[in-house]
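Undergrad: You'll find work-v9.txt just under this line, and it carries compact mmCIF, C-alpha atoms.
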```txt
# COMPACT_ATOMS: atom_id res chain seq x y z
CA MET A 1 151.83 51.21 107.46
CA ARG A 2 148.90 50.86 105.02
CA ILE A 3 146.76 54.03 105.13
CA GLY A 4 143.40 54.12 103.38
CA ILE A 5 141.45 57.20 102.32
CA VAL A 6 137.82 56.31 101.64
CA GLY A 7 136.28 59.08 99.54
CA ILE A 8 138.55 61.29 97.42
CA GLY A 9 136.42 64.41 97.42
CA GLY A 10 137.31 67.84 98.78
CA VAL A 11 138.44 66.51 102.17
CA GLY A 12 139.83 63.11 101.21
CA GLY A 13 141.46 64.53 98.10
CA TYR A 14 143.31 67.25 99.99
CA TYR A 15 144.56 65.16 102.91
CA GLY A 16 144.99 62.01 100.86
CA GLY A 17 146.88 64.05 98.29
CA LYS A 18 149.25 65.38 100.94
CA LEU A 19 149.89 61.85 102.21
CA ALA A 20 150.34 60.36 98.75
CA GLY A 21 152.66 63.18 97.73
CA GLU A 22 154.89 62.67 100.76
CA TYR A 23 154.99 58.87 100.72
CA GLU A 24 154.88 58.14 96.97
CA ARG A 25 158.35 56.56 97.07
CA SER A 26 158.21 55.38 100.67
CA GLU A 27 158.91 51.74 101.49
CA GLU A 28 157.43 52.24 104.97
CA HIS A 29 153.98 53.64 104.16
CA GLU A 30 151.44 52.84 101.45
CA ILE A 31 148.62 55.27 100.64
CA ILE A 32 145.46 53.73 99.19
CA PHE A 33 142.71 55.84 97.60
CA ILE A 34 139.13 54.56 97.49
CA ALA A 35 137.23 56.40 94.78
CA ARG A 36 134.63 55.70 92.10
CA GLY A 37 133.63 56.24 88.49
CA GLU A 38 135.40 58.66 86.18
CA HIS A 39 137.15 60.28 89.14
CA LEU A 40 138.83 56.95 89.93
CA LYS A 41 139.72 56.26 86.30
CA THR A 42 141.37 59.65 85.94
CA ILE A 43 143.34 59.19 89.17
CA GLN A 44 144.50 55.75 88.03
CA LYS A 45 145.63 57.18 84.70
CA ASN A 46 147.01 60.61 85.60
CA GLY A 47 147.24 60.75 89.41
CA LEU A 48 145.24 63.23 91.50
CA GLN A 49 145.84 66.83 90.51
CA LEU A 50 145.58 69.32 93.37
CA PHE A 51 145.28 73.09 93.25
CA THR A 52 145.84 74.42 96.76
CA ARG A 53 146.81 77.67 98.42
CA GLU A 54 150.14 76.02 99.27
CA GLY A 55 150.86 75.15 95.65
CA ASP A 56 149.77 72.89 92.82
CA TYR A 57 150.95 69.31 92.37
CA VAL A 58 150.02 65.80 91.28
CA ALA A 59 149.69 63.06 93.91
CA ARG A 60 150.03 59.38 93.01
CA PRO A 61 148.81 56.87 95.59
CA LYS A 62 150.23 53.36 95.80
CA ILE A 63 146.79 52.01 94.94
CA ALA A 64 143.62 53.70 93.67
CA THR A 65 140.63 51.37 93.54
CA ASP A 66 136.97 50.72 94.28
CA ASN A 67 137.64 47.04 95.01
CA PRO A 68 138.03 45.90 98.65
CA ASP A 69 140.08 42.88 97.58
CA GLU A 70 142.56 45.09 95.76
CA ALA A 71 142.70 47.59 98.63
CA GLY A 72 143.70 44.97 101.22
CA ILE A 73 143.85 45.41 104.99
CA PHE A 74 144.25 48.95 106.34
CA ASP A 75 146.32 49.81 109.40
CA VAL A 76 144.73 53.26 109.48
CA VAL A 77 141.75 54.43 107.44
CA PHE A 78 140.21 57.88 107.11
CA PHE A 79 136.56 57.97 106.08
CA CYS A 80 135.98 61.15 104.05
CA THR A 81 132.64 60.28 102.49
CA LYS A 82 129.48 62.32 102.66
CA SER A 83 127.57 61.60 105.87
CA TYR A 84 124.72 59.83 104.07
CA SER A 85 127.20 57.33 102.55
CA LEU A 86 129.08 56.51 105.74
CA GLU A 87 127.44 53.22 106.74
CA SER A 88 127.27 51.84 103.21
CA SER A 89 130.93 52.66 102.56
CA ALA A 90 131.99 51.14 105.88
CA LYS A 91 130.07 47.93 105.15
CA GLU A 92 131.50 47.72 101.63
CA PHE A 93 135.09 47.93 102.88
CA SER A 94 134.63 46.12 106.19
CA ALA A 95 136.84 43.28 104.91
CA CYS A 96 139.71 45.81 104.79
CA ILE A 97 139.30 46.61 108.49
CA ASN A 98 140.26 44.28 111.32
CA LYS A 99 140.81 44.48 115.08
CA ASN A 100 144.15 46.25 114.59
CA THR A 101 142.78 48.95 112.28
CA VAL A 102 142.36 52.51 113.55
CA VAL A 103 139.37 54.18 111.89
CA ILE A 104 139.06 57.97 111.79
CA PRO A 105 136.00 59.68 110.25
CA LEU A 106 136.52 63.20 108.87
CA LEU A 107 132.89 64.12 108.30
CA ASN A 108 130.54 66.91 109.22
CA GLY A 109 128.44 66.15 112.29
CA VAL A 110 129.17 64.90 115.80
CA ASN A 111 128.15 61.24 115.79
CA SER A 112 130.20 59.72 112.93
CA ALA A 113 132.43 57.67 115.25
CA GLU A 114 129.39 56.24 117.02
CA ARG A 115 127.82 55.30 113.69
CA LEU A 116 131.02 53.60 112.53
CA ARG A 117 131.34 51.60 115.76
CA ASN A 118 127.90 50.13 115.06
CA VAL A 119 129.04 48.97 111.61
CA LEU A 120 132.66 48.09 112.45
CA PRO A 121 132.60 46.62 115.99
CA GLN A 122 135.92 44.89 115.35
CA ALA A 123 137.84 48.14 114.79
CA THR A 124 139.20 50.92 116.99
CA VAL A 125 137.22 54.03 116.00
CA ILE A 126 138.26 57.49 117.18
CA GLY A 127 137.00 60.96 116.26
CA GLY A 128 138.24 63.40 113.66
CA SER A 129 137.49 66.92 112.48
CA VAL A 130 138.77 69.19 109.70
CA TYR A 131 138.40 72.84 108.74
CA ILE A 132 138.80 73.18 104.99
CA ILE A 133 136.97 74.54 101.96
CA SER A 134 137.71 72.34 98.95
CA HIS A 135 135.88 70.38 96.29
CA ILE A 136 136.20 68.21 93.18
CA GLU A 137 136.69 70.63 90.28
CA LYS A 138 136.26 67.80 87.81
CA SER A 139 137.34 64.18 87.54
CA GLY A 140 140.85 63.79 88.94
CA ILE A 141 141.11 67.40 90.10
CA ILE A 142 140.72 68.81 93.63
CA LYS A 143 140.60 72.54 94.28
CA GLN A 144 141.17 73.93 97.78
CA GLU A 145 139.79 77.45 98.22
CA GLY A 146 140.15 78.22 101.91
CA GLY A 147 139.99 77.10 105.50
CA ALA A 148 142.75 76.54 108.03
CA CYS A 149 143.24 72.98 106.69
CA LYS A 150 143.52 71.84 110.31
CA LEU A 151 142.95 68.16 111.04
CA THR A 152 142.23 67.26 114.66
CA PHE A 153 141.77 63.67 115.79
CA GLY A 154 141.74 61.62 118.98
CA SER A 155 139.48 60.53 121.83
CA ASP A 156 138.17 61.89 125.12
CA ASP A 157 140.59 59.73 127.09
CA GLN A 158 143.99 61.23 127.88
CA GLU A 159 145.70 57.85 128.07
CA SER A 160 144.20 56.41 124.90
CA ALA A 161 144.97 59.57 122.96
CA LYS A 162 148.67 58.98 123.56
CA LYS A 163 148.42 55.68 121.71
CA TYR A 164 147.87 57.46 118.40
CA SER A 165 150.97 59.65 118.39
CA TYR A 166 152.42 57.54 115.55
CA ILE A 167 149.52 58.65 113.34
CA LEU A 168 150.25 62.25 114.26
CA ASP A 169 153.88 61.78 113.22
CA ILE A 170 152.80 60.42 109.83
CA LEU A 171 150.48 63.37 109.25
CA LEU A 172 153.01 65.99 110.35
CA GLN A 173 155.71 64.55 108.12
CA ALA A 174 153.30 65.02 105.21
CA LYS A 175 153.07 68.70 106.22
CA ILE A 176 149.46 68.32 107.33
CA ASN A 177 148.32 70.78 109.99
CA ALA A 178 147.40 67.99 112.42
CA VAL A 179 146.63 67.96 116.14
CA LEU A 180 146.10 64.96 118.45
CA THR A 181 143.57 65.75 121.20
CA ASP A 182 142.11 64.11 124.29
CA LYS A 183 138.98 66.31 124.01
CA ILE A 184 137.59 65.26 120.65
CA SER A 185 133.92 65.71 121.63
CA GLU A 186 134.55 69.38 122.38
CA VAL A 187 136.37 69.75 119.06
CA LEU A 188 133.54 68.09 117.13
CA TRP A 189 130.81 70.17 118.77
CA THR A 190 132.81 73.36 118.27
CA LYS A 191 132.94 72.68 114.53
CA TYR A 192 129.30 71.61 114.54
CA LEU A 193 128.51 74.95 116.19
CA LEU A 194 129.61 76.57 112.93
CA MET A 195 128.63 73.97 110.33
CA CYS A 196 125.11 73.09 111.46
CA PRO A 197 123.67 76.63 111.63
CA LEU A 198 125.62 77.87 108.60
CA GLY A 199 125.00 74.80 106.46
CA SER A 200 121.30 75.05 107.28
CA LEU A 201 121.07 78.82 106.82
CA THR A 202 123.06 79.05 103.57
CA ALA A 203 121.07 76.20 102.02
CA ALA A 204 117.74 77.74 103.07
CA THR A 205 118.55 81.31 101.97
CA GLY A 206 120.94 80.76 99.06
CA LYS A 207 123.29 83.28 100.66
CA THR A 208 127.07 82.91 100.80
CA TYR A 209 129.15 83.30 103.96
CA GLY A 210 129.87 86.91 103.03
CA ALA A 211 126.26 87.76 102.25
CA ILE A 212 125.14 86.42 105.63
CA TRP A 213 127.90 88.32 107.40
CA GLU A 214 126.90 91.69 105.88
CA ASP A 215 123.16 91.20 106.53
CA SER A 216 122.48 92.16 110.16
CA LEU A 217 119.27 90.12 110.40
CA LEU A 218 120.86 86.96 109.00
CA ARG A 219 123.96 87.48 111.13
CA LYS A 220 121.73 87.68 114.22
CA LYS A 221 119.84 84.57 113.14
CA ALA A 222 123.11 82.66 112.67
CA SER A 223 124.21 83.66 116.17
CA ASP A 224 120.87 82.64 117.70
CA MET A 225 121.05 79.28 115.91
CA MET A 226 124.49 78.76 117.40
CA LEU A 227 123.06 79.31 120.86
CA GLU A 228 120.65 76.45 120.19
CA VAL A 229 123.64 74.21 119.39
CA VAL A 230 125.39 75.29 122.61
CA ALA A 231 122.31 74.34 124.63
CA VAL A 232 122.03 70.90 123.02
CA ALA A 233 125.77 70.29 123.47
CA LYS A 234 125.44 71.09 127.18
CA ALA A 235 122.61 68.60 127.46
CA HIS A 236 125.04 66.01 126.03
CA GLN A 237 127.64 66.85 128.72
CA VAL A 238 129.77 68.86 126.29
CA ASN A 239 130.43 72.32 127.67
CA LEU A 240 131.69 74.66 124.96
CA SER A 241 133.81 77.66 125.89
CA GLU A 242 132.04 80.89 126.83
CA ASP A 243 133.39 82.61 123.72
CA ALA A 244 132.64 79.70 121.35
CA VAL A 245 129.79 81.52 119.61
CA ASP A 246 131.83 84.73 119.26
CA LYS A 247 134.71 82.78 117.72
CA ALA A 248 132.40 80.92 115.35
CA MET A 249 130.85 84.19 114.23
CA GLU A 250 134.31 85.63 113.61
CA MET A 251 135.06 82.66 111.38
CA ILE A 252 132.07 83.51 109.19
CA GLY A 253 133.60 86.90 108.51
CA SER A 254 137.00 85.35 107.75
CA PHE A 255 135.79 83.16 104.88
CA GLY A 256 135.82 84.48 101.33
CA TYR A 257 132.71 86.50 100.50
CA ASN A 258 131.56 84.05 97.83
CA SER A 259 132.40 80.89 99.79
CA LYS A 260 129.54 78.44 100.15
CA THR A 261 128.98 75.55 102.52
CA SER A 262 129.03 72.03 101.08
CA MET A 263 125.40 71.62 102.11
CA GLN A 264 124.47 74.75 100.17
CA LEU A 265 126.34 73.57 97.07
CA ASP A 266 124.62 70.18 97.17
CA PHE A 267 121.22 71.79 97.71
CA GLU A 268 121.69 74.18 94.78
CA LYS A 269 122.73 71.35 92.46
CA GLY A 270 119.81 69.17 93.45
CA ARG A 271 122.06 66.54 95.01
CA GLN A 272 121.52 64.65 98.23
CA THR A 273 122.55 66.82 101.18
CA GLU A 274 123.86 66.20 104.69
CA ILE A 275 120.70 67.61 106.25
CA ASP A 276 120.26 64.46 108.35
CA ALA A 277 123.71 64.73 109.97
CA LEU A 278 123.41 68.48 110.50
CA THR A 279 119.96 70.08 110.83
CA ALA A 280 117.88 66.97 111.49
CA TYR A 281 120.33 65.61 114.06
CA LEU A 282 120.20 68.81 116.11
CA CYS A 283 116.39 68.93 116.03
CA LYS A 284 116.19 65.28 117.11
CA ALA A 285 118.85 65.67 119.82
CA GLY A 286 117.05 68.74 121.10
CA ARG A 287 113.72 66.93 121.35
CA GLU A 288 115.28 63.94 123.09
CA SER A 289 117.07 66.12 125.64
CA GLY A 290 114.21 68.56 126.17
CA VAL A 291 116.06 71.52 124.62
CA PRO A 292 114.00 73.73 122.27
CA THR A 293 115.50 74.33 118.79
CA PRO A 294 112.81 76.45 117.07
CA LEU A 295 115.11 78.12 114.53
CA HIS A 296 116.56 74.83 113.35
CA ASP A 297 113.08 73.26 113.37
CA GLU A 298 111.85 76.04 111.09
CA ILE A 299 114.69 75.74 108.61
CA TYR A 300 114.53 71.94 108.63
CA ALA A 301 110.85 72.10 107.69
CA GLN A 302 111.70 74.57 104.90
CA LEU A 303 114.52 72.46 103.47
CA LYS A 304 112.48 69.25 103.54
CA GLN A 305 109.67 70.71 101.43
```
Would you mind writing the file's structure down as structure tokens?

TA:
Amino acid sequence: MRIGIVGIGGVGGYYGGKLAGEYERSEEHEIIFIARGEHLKTIQKNGLQLFTREGDYVARPKIATDNPDEAGIFDVVFFCTKSYSLESSAKEFSACINKNTVVIPLLNGVNSAERLRNVLPQATVIGGSVYIISHIEKSGIIKQEGGACKLTFGSDDQESAKKYSYILDILLQAKINAVLTDKISEVLWTKYLLMCPLGSLTAATGKTYGAIWEDSLLRKKASDMMLEVVAVAKAHQVNLSEDAVDKAMEMIGSFGYNSKTSMQLDFEKGRQTEIDALTAYLCKAGRESGVPTPLHDEIYAQLKQ
């Protein structure tokens, strides 16, 4: 089984590192990293160094490259790019993906699978979601700071979900906290319920998870923004659990005080952010479905200035 990881950042580095560490000497599975620049050169020379809450180690993939010809055909591929790079990365490596390839995006947002199907009509694309706080410390080094490290993947079809149990087995053997679901839309919107309001709010205010949690006004605003997400989800025939907002709010309090969202980190460093996949998507989906999203509209306008 040839397993590709496109994007060796915080997400791809952690899960790709787990896979590469487990199957480094395997004759059955090959792990292929797709990375770029100095990060790629360091991985090729020294392997990928990981600092995680489970321990520190060096992972060495079978192949680390930025060349589609060298990567070859994938049986399974995880896209772990930033949302704004998804289509371009998929097009660049489309020659590595055929009708037998299973494609799983592990991005923030709720429409990554749909976007990939438009670019890769030949492939089988299913949904994926992760809860993890990790980032590139420097070239060749990934640091995981928090999160449950849970990877959930699958479809909304009970029968088709069963077809991917072999992928689950591969992930579990690599000691990845993986779950195969037949309710992936609910999973994606449940994560989006946390990431969209918090990514937007932390980027707009410059406040960490902990600072928002201890500020009663910001905590209330976060909760109200989550209610906007619930309303838009319902308009898209995704009914989140009655306690979804309460659970999402509890998660805010469980993160480290100084933890920041990836959107906030990118915003602070002047880099391109995932505002289109998070804030802008909700505002657009709300308008199209007739659901008001005034709090997200306000923050979107602020962030786009």

Undergrad: What is the CA of Ala233 in chain A to CA of Trp189 in chain A distance in Å?

TA: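 Atom-to-atom, CA of Ala233 in chain A and CA of Trp189 in chain A are spaced 6.9 Å apart.
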
Undergrad: Using CA of Ala248 in chain A and CA of Ala222 in chain A as the two end points, give the distance in Å to one decimal.

TA: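 Between CA of Ala248 in chain A and CA of Ala222 in chain A the gap works out to 9.8 Å.
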
Undergrad: What are the closest atom pairs, with distances in Å to one decimal, for all residues of range 98-151 of chain A lying within 8 Å of range 12-28 of chain A? Consider all atoms listed in the file, order rows by chain and residue number, and present the result as JSON lines.

TA:
```
{"residue": "A:Ser134", "atom": "CA", "partner": "A:Tyr14", "partner_atom": "CA", "distance": 7.6}
{"residue": "A:Ile142", "atom": "CA", "partner": "A:Gly13", "partner_atom": "CA", "distance": 6.2}
{"residue": "A:Gln144", "atom": "CA", "partner": "A:Tyr14", "partner_atom": "CA", "distance": 7.4}
```

Undergrad: Give the answer as one residue: which of A:Gly128, A:Ala123, A:Gly7, A:Ser88 has the shortest atom-to-atom distance to Pro105 in chain A, using all atoms listed in the file?

TA: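 So, comparing all the options, the nearest one is A:Gly128.
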
Undergrad: Enter the distance from CA of Ala35 in chain A to CA of Ser85 in chain A, in Å, rounded to one decimal.

TA: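 Separation of CA of Ala35 in chain A and CA of Ser85 in chain A: 12.7 Å.
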
Undergrad: Skip Asp246 in chain A itself and residues of its chain fewer than 5 positions away, then list as a PDB file with C-alpha atoms, keeping the file's coordinate frame all residues within 12 Å of it, counting all atoms listed in the file.

TA:
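The resulting result.pdb:
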```pdb
ATOM      1  CA  THR A 190     132.810  73.360 118.270  1.00  0.00           C
ATOM      2  CA  LEU A 193     128.510  74.950 116.190  1.00  0.00           C
ATOM      3  CA  LEU A 194     129.610  76.570 112.930  1.00  0.00           C
ATOM      4  CA  ARG A 219     123.960  87.480 111.130  1.00  0.00           C
ATOM      5  CA  LYS A 220     121.730  87.680 114.220  1.00  0.00           C
ATOM      6  CA  ALA A 222     123.110  82.660 112.670  1.00  0.00           C
ATOM      7  CA  SER A 223     124.210  83.660 116.170  1.00  0.00           C
ATOM      8  CA  ASP A 224     120.870  82.640 117.700  1.00  0.00           C
ATOM      9  CA  MET A 226     124.490  78.760 117.400  1.00  0.00           C
ATOM     10  CA  LEU A 227     123.060  79.310 120.860  1.00  0.00           C
ATOM     11  CA  VAL A 230     125.390  75.290 122.610  1.00  0.00           C
ATOM     12  CA  LEU A 240     131.690  74.660 124.960  1.00  0.00           C
ATOM     13  CA  SER A 241     133.810  77.660 125.890  1.00  0.00           C
ATOM     14  CA  MET A 251     135.060  82.660 111.380  1.00  0.00           C
ATOM     15  CA  ILE A 252     132.070  83.510 109.190  1.00  0.00           C
ATOM     16  CA  GLY A 253     133.600  86.900 108.510  1.00  0.00           C
TER      17      GLY A 253
END
```

Undergrad: Hey, which of A:Lys207, A:Arg60, A:Lys183, A:Arg53 ends up closest to Gly146 in chain A? Count all atoms listed in the file.

TA: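 Of A:Lys207, A:Arg60, A:Lys183, A:Arg53, the one nearest Gly146 in chain A is A:Arg53, counting all atoms listed in the file.
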
Undergrad: I'd like to know which of A:Thr65, A:Lys82, A:Thr42, A:Ser94 is closest to Ser139 in chain A, using all atoms listed in the file.

TA: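 Ranked by minimum distance to Ser139 in chain A, first place goes to A:Thr42.
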
Undergrad: Which is closest to Met1 in chain A among A:Val77, A:Leu172, A:Cys283, A:Val291, if we use all atoms listed in the file?

TA: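 Going through A:Val77, A:Leu172, A:Cys283, A:Val291 one by one, the smallest distance to Met1 in chain A is for A:Val77.
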
Undergrad: Taking all atoms listed in the file into account, which of A:Tyr192, A:Phe93, A:Tyr257, A:Phe33 comes nearest Leu107 in chain A?

TA: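 The shortest atom-to-atom distance to Leu107 in chain A comes from A:Tyr192.
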
Undergrad: Given 4 Å on each side, where is the centre and what are the edge lengths in Å to one decimal of the axis-aligned box enclosing the listed atoms of range 274-292 of chain A, as AutoDock Vina command-line options?

TA:
```
--center_x 118.8 --center_y 68.8 --center_z 115.4 --size_x 18.1 --size_y 17.8 --size_z 29.5
```

Undergrad: Quick one: of A:Ile184, A:Ile5, A:Ala178, A:Ala280, who's nearest to Tyr131 in chain A, counting only C-alpha atoms?

TA: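 Counting only C-alpha atoms, the residue closest to Tyr131 in chain A is A:Ala178.
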
Undergrad: Give me, as a ChimeraX atom specification, all polymer residues having an atom no more than 9 Å from Gly256 in chain A, counting all atoms listed in the file and skipping those fewer than 5 positions away in the same chain.

TA: /A:145-146,208-210

Undergrad: For the point (135.9, 61.5, 85.5) in file coordinates, what residues are within 8 Å, counting all atoms listed in the file? Give the answer as a PyMOL selection string?

TA: chain A and resi 37-42+138-140

Undergrad: Set the distance at 12 Å and use only C-alpha atoms: which residues neighbour Ser160 in chain A once local chain neighbours fewer than 4 positions away are removed? I'd like the list as a list in words.

TA: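 With the cut-off at 12 Å, the set is Thr124, Val125, Ile126, Phe153, Gly154, Ser155, Asp156, Tyr164, Ser165, Leu180, Thr181, Asp182, Lys183 and Ile184 of chain A.
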
Undergrad: Select all residues near (121.5, 76.7, 98.7) (cut-off 7 Å, inclusive, file coordinates), counting only C-alpha atoms, and output them as a list in words.

TA: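 Collected hits near the coordinates: Thr202, Ala203, Ala204, Thr205, Gly206, Gln264, Leu265, Phe267 and Glu268 of chain A.
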